[in-house]
Amino acid sequence: MTDDTARHAEKMAKKKVARDKIMATKTEEKGLVIVHTGKGKGKSSAAFGMIFRAIAHGMPSAVVQFIKGGMDTGERRLIGDHFSDLCQFYTMGEGFTWETQDKTRDIEMAQAAWQKSKELIADDRNRMVLLDEINIALRYDYLDLADVLAVLAAKPPMTHVVLTGRNAREDLIAAADLVTEMELLKHPFRAGIKAQAGGEY
């Protein structure tokens, strides 16, 4: 064993002792409020990764899409075709506001999606509920933020709720257990490349 290898082994052994000591103090389990926000791509993709992980563990889950409309997506197709017994899926938006151009209808759809979300969160059989793009509905005041926060505060203790979308409200960030901000460094759209199956939907 070289001196460098020996030093590395000693360093990693010390690191493992310290890490094990920290991990021994982490004993609590609880359902988390998780926010994925920011201008970068990957907020919904990361959230669906969590849904698929929950499905793989046999945990009943649910998805409510607030903005995305009837476009066929890989996530919805996979869940609908193979995991509908474990994951309920509701696409309740009709597209982004610049597509619908009907604010009254957008508000009605967002509020209907929120009513469904409240039912799913209150059902303690659901271990994870994904509220996809709800942050956009909150940003435009289509939903009452105080009501959303109250529902999250009163959710069943072991239910995880994941909220995605740009511009998460500060009060929501403060109430969450875990917040990740996706930062945009580079995007193919700026080079004229459109959204593609498998990558974006």
# chains A, B, ... in the order shown; residues from 1 in each chain; ligands from 1
>>> residues_around(residues="stretch 99-114 of chain A", least_positions_apart="4", cutoff="8 Å", atoms="only C-alpha atoms", output="ChimeraX atom specification")
/A:64-67,92-95,118,137,142-143
>>> write_last_selection(atoms="N, CA and C atoms", output="PDB file, in the first residue's frame")
ATOM      1  N   VAL A  64     -51.635  15.608  -9.604  1.00  0.00           N
ATOM      2  CA  VAL A  64     -52.571  16.583 -10.160  1.00  0.00           C
ATOM      3  C   VAL A  64     -51.745  17.582 -10.949  1.00  0.00           C
ATOM      4  N   GLN A  65     -52.061  17.723 -12.242  1.00  0.00           N
ATOM      5  CA  GLN A  65     -51.362  18.693 -13.085  1.00  0.00           C
ATOM      6  C   GLN A  65     -52.242  19.930 -13.226  1.00  0.00           C
ATOM      7  N   PHE A  66     -51.701  21.069 -12.791  1.00  0.00           N
ATOM      8  CA  PHE A  66     -52.483  22.303 -12.738  1.00  0.00           C
ATOM      9  C   PHE A  66     -52.506  23.069 -14.053  1.00  0.00           C
ATOM     10  N   ILE A  67     -51.437  23.052 -14.809  1.00  0.00           N
ATOM     11  CA  ILE A  67     -51.340  23.894 -15.994  1.00  0.00           C
ATOM     12  C   ILE A  67     -51.315  23.059 -17.270  1.00  0.00           C
ATOM     13  N   MET A  92     -55.600  18.479 -15.119  1.00  0.00           N
ATOM     14  CA  MET A  92     -56.752  19.357 -14.969  1.00  0.00           C
ATOM     15  C   MET A  92     -56.521  20.761 -15.511  1.00  0.00           C
ATOM     16  N   GLY A  93     -55.358  20.984 -16.120  1.00  0.00           N
ATOM     17  CA  GLY A  93     -55.115  22.268 -16.765  1.00  0.00           C
ATOM     18  C   GLY A  93     -55.474  22.196 -18.234  1.00  0.00           C
ATOM     19  N   GLU A  94     -55.459  23.340 -18.871  1.00  0.00           N
ATOM     20  CA  GLU A  94     -55.748  23.404 -20.308  1.00  0.00           C
ATOM     21  C   GLU A  94     -54.629  24.116 -21.049  1.00  0.00           C
ATOM     22  N   GLY A  95     -53.452  24.186 -20.433  1.00  0.00           N
ATOM     23  CA  GLY A  95     -52.336  24.854 -21.078  1.00  0.00           C
ATOM     24  C   GLY A  95     -51.960  26.125 -20.349  1.00  0.00           C
ATOM     25  N   LYS A 118     -56.952  18.662  -2.616  1.00  0.00           N
ATOM     26  CA  LYS A 118     -57.296  18.604  -1.196  1.00  0.00           C
ATOM     27  C   LYS A 118     -57.848  17.229  -0.823  1.00  0.00           C
ATOM     28  N   ALA A 137     -50.066  28.601 -10.648  1.00  0.00           N
ATOM     29  CA  ALA A 137     -51.420  29.006 -10.248  1.00  0.00           C
ATOM     30  C   ALA A 137     -51.382  29.929  -9.032  1.00  0.00           C
ATOM     31  N   TYR A 142     -54.517  32.527  -8.727  1.00  0.00           N
ATOM     32  CA  TYR A 142     -55.677  31.708  -9.078  1.00  0.00           C
ATOM     33  C   TYR A 142     -56.152  30.898  -7.882  1.00  0.00           C
ATOM     34  N   LEU A 143     -55.264  30.721  -6.908  1.00  0.00           N
ATOM     35  CA  LEU A 143     -55.584  29.994  -5.688  1.00  0.00           C
ATOM     36  C   LEU A 143     -55.263  30.862  -4.487  1.00  0.00           C
TER      37      LEU A 143
END
>>> residues_around(residues="stretch 83-88 of chain A", least_positions_apart="3", cutoff="10 Å", atoms="only C-alpha atoms", output="number ranges by chain")
A: 51-52, 54-56, 58-64, 76-80, 120, 126, 128-129
>>> write_last_selection(atoms="N, CA and C atoms", output="short mmCIF file (atom, residue, chain, number, x, y, z; two decimals), in the first residue's frame")
data_model
loop_
_atom_site.label_atom_id
_atom_site.label_comp_id
_atom_site.auth_asym_id
_atom_site.auth_seq_id
_atom_site.Cartn_x
_atom_site.Cartn_y
_atom_site.Cartn_z
N ILE A 51 -42.24 10.27 -7.62
CA ILE A 51 -43.47 9.49 -7.76
C ILE A 51 -43.14 8.06 -8.18
N PHE A 52 -42.23 7.91 -9.15
CA PHE A 52 -41.88 6.55 -9.60
C PHE A 52 -41.17 5.77 -8.49
N ALA A 54 -41.81 6.16 -5.28
CA ALA A 54 -42.89 5.76 -4.37
C ALA A 54 -43.64 4.55 -4.93
N ILE A 55 -43.94 4.60 -6.24
CA ILE A 55 -44.63 3.47 -6.89
C ILE A 55 -43.81 2.20 -6.74
N ALA A 56 -42.49 2.30 -6.94
CA ALA A 56 -41.61 1.13 -6.84
C ALA A 56 -41.64 0.52 -5.44
N GLY A 58 -44.35 0.42 -3.72
CA GLY A 58 -45.74 0.01 -3.48
C GLY A 58 -46.56 1.01 -2.72
N MET A 59 -46.14 2.28 -2.74
CA MET A 59 -46.85 3.31 -1.99
C MET A 59 -47.91 3.98 -2.87
N PRO A 60 -49.17 3.97 -2.44
CA PRO A 60 -50.20 4.68 -3.21
C PRO A 60 -49.85 6.16 -3.33
N SER A 61 -50.03 6.70 -4.54
CA SER A 61 -49.63 8.08 -4.83
C SER A 61 -50.67 8.72 -5.73
N ALA A 62 -50.48 10.02 -5.97
CA ALA A 62 -51.40 10.73 -6.85
C ALA A 62 -50.69 11.92 -7.48
N VAL A 63 -51.13 12.27 -8.67
CA VAL A 63 -50.60 13.42 -9.41
C VAL A 63 -51.76 14.30 -9.84
N VAL A 64 -51.63 15.61 -9.60
CA VAL A 64 -52.57 16.58 -10.16
C VAL A 64 -51.75 17.58 -10.95
N ARG A 76 -47.52 10.40 -17.93
CA ARG A 76 -48.93 10.04 -17.83
C ARG A 76 -49.19 8.70 -18.52
N ARG A 77 -48.55 8.48 -19.65
CA ARG A 77 -48.74 7.23 -20.37
C ARG A 77 -48.24 6.04 -19.54
N LEU A 78 -47.05 6.18 -18.96
CA LEU A 78 -46.46 5.08 -18.18
C LEU A 78 -47.32 4.77 -16.96
N ILE A 79 -47.72 5.81 -16.24
CA ILE A 79 -48.53 5.59 -15.04
C ILE A 79 -49.90 5.03 -15.41
N GLY A 80 -50.53 5.60 -16.42
CA GLY A 80 -51.86 5.14 -16.83
C GLY A 80 -51.87 3.72 -17.34
N LEU A 120 -57.15 14.39 -2.31
CA LEU A 120 -56.06 13.41 -2.38
C LEU A 120 -55.10 13.54 -1.20
N ASN A 126 -52.75 7.83 0.58
CA ASN A 126 -51.76 8.37 -0.37
C ASN A 126 -50.50 8.75 0.37
N MET A 128 -47.73 9.87 -1.29
CA MET A 128 -47.13 11.02 -1.96
C MET A 128 -48.15 11.61 -2.93
N VAL A 129 -48.25 12.94 -2.90
CA VAL A 129 -49.14 13.66 -3.82
C VAL A 129 -48.30 14.74 -4.51
#
>>> select_by_dssp(residues="chain A", states="alpha helix (DSSP H)", output="PyMOL selection string")
chain A and resi 3-23+43-56+74-82+97-100+103-122+134-139+145-153+170-175
>>> atom_distance(atom1="atom CA of A:Ile193", atom2="atom CA of A:Thr180")
26.1 Å
>>> residues_around(residues="A:Gly31", least_positions_apart="2", cutoff="9 Å", atoms="only C-alpha atoms", output="list in words")
Glu29, Val33, Arg127, Met128, Lys155, Pro156, Pro157, Met158, Thr159, His160 and Val161 of chain A
>>> atom_distance(atom1="atom CA of A:Ala154", atom2="atom CA of A:Leu130")
16.5 Å
>>> atom_distance(atom1="atom CA of A:Arg139", atom2="atom CA of A:Val179")
16.7 Å
>>> select_by_dssp(residues="stretch 114-143 of chain A", states="strand (DSSP E)", output="list of chain:residue names")
A:Met128, A:Val129, A:Leu130, A:Leu131, A:Asp132
>>> write_last_selection(atoms="C-alpha atoms", output="PDB file, in the first residue's frame")
ATOM      1  CA  MET A 128     -47.131  11.015  -1.963  1.00  0.00           C
ATOM      2  CA  VAL A 129     -49.135  13.658  -3.821  1.00  0.00           C
ATOM      3  CA  LEU A 130     -47.552  15.667  -6.634  1.00  0.00           C
ATOM      4  CA  LEU A 131     -49.073  19.075  -7.385  1.00  0.00           C
ATOM      5  CA  ASP A 132     -47.432  19.751 -10.732  1.00  0.00           C
TER       6      ASP A 132
END
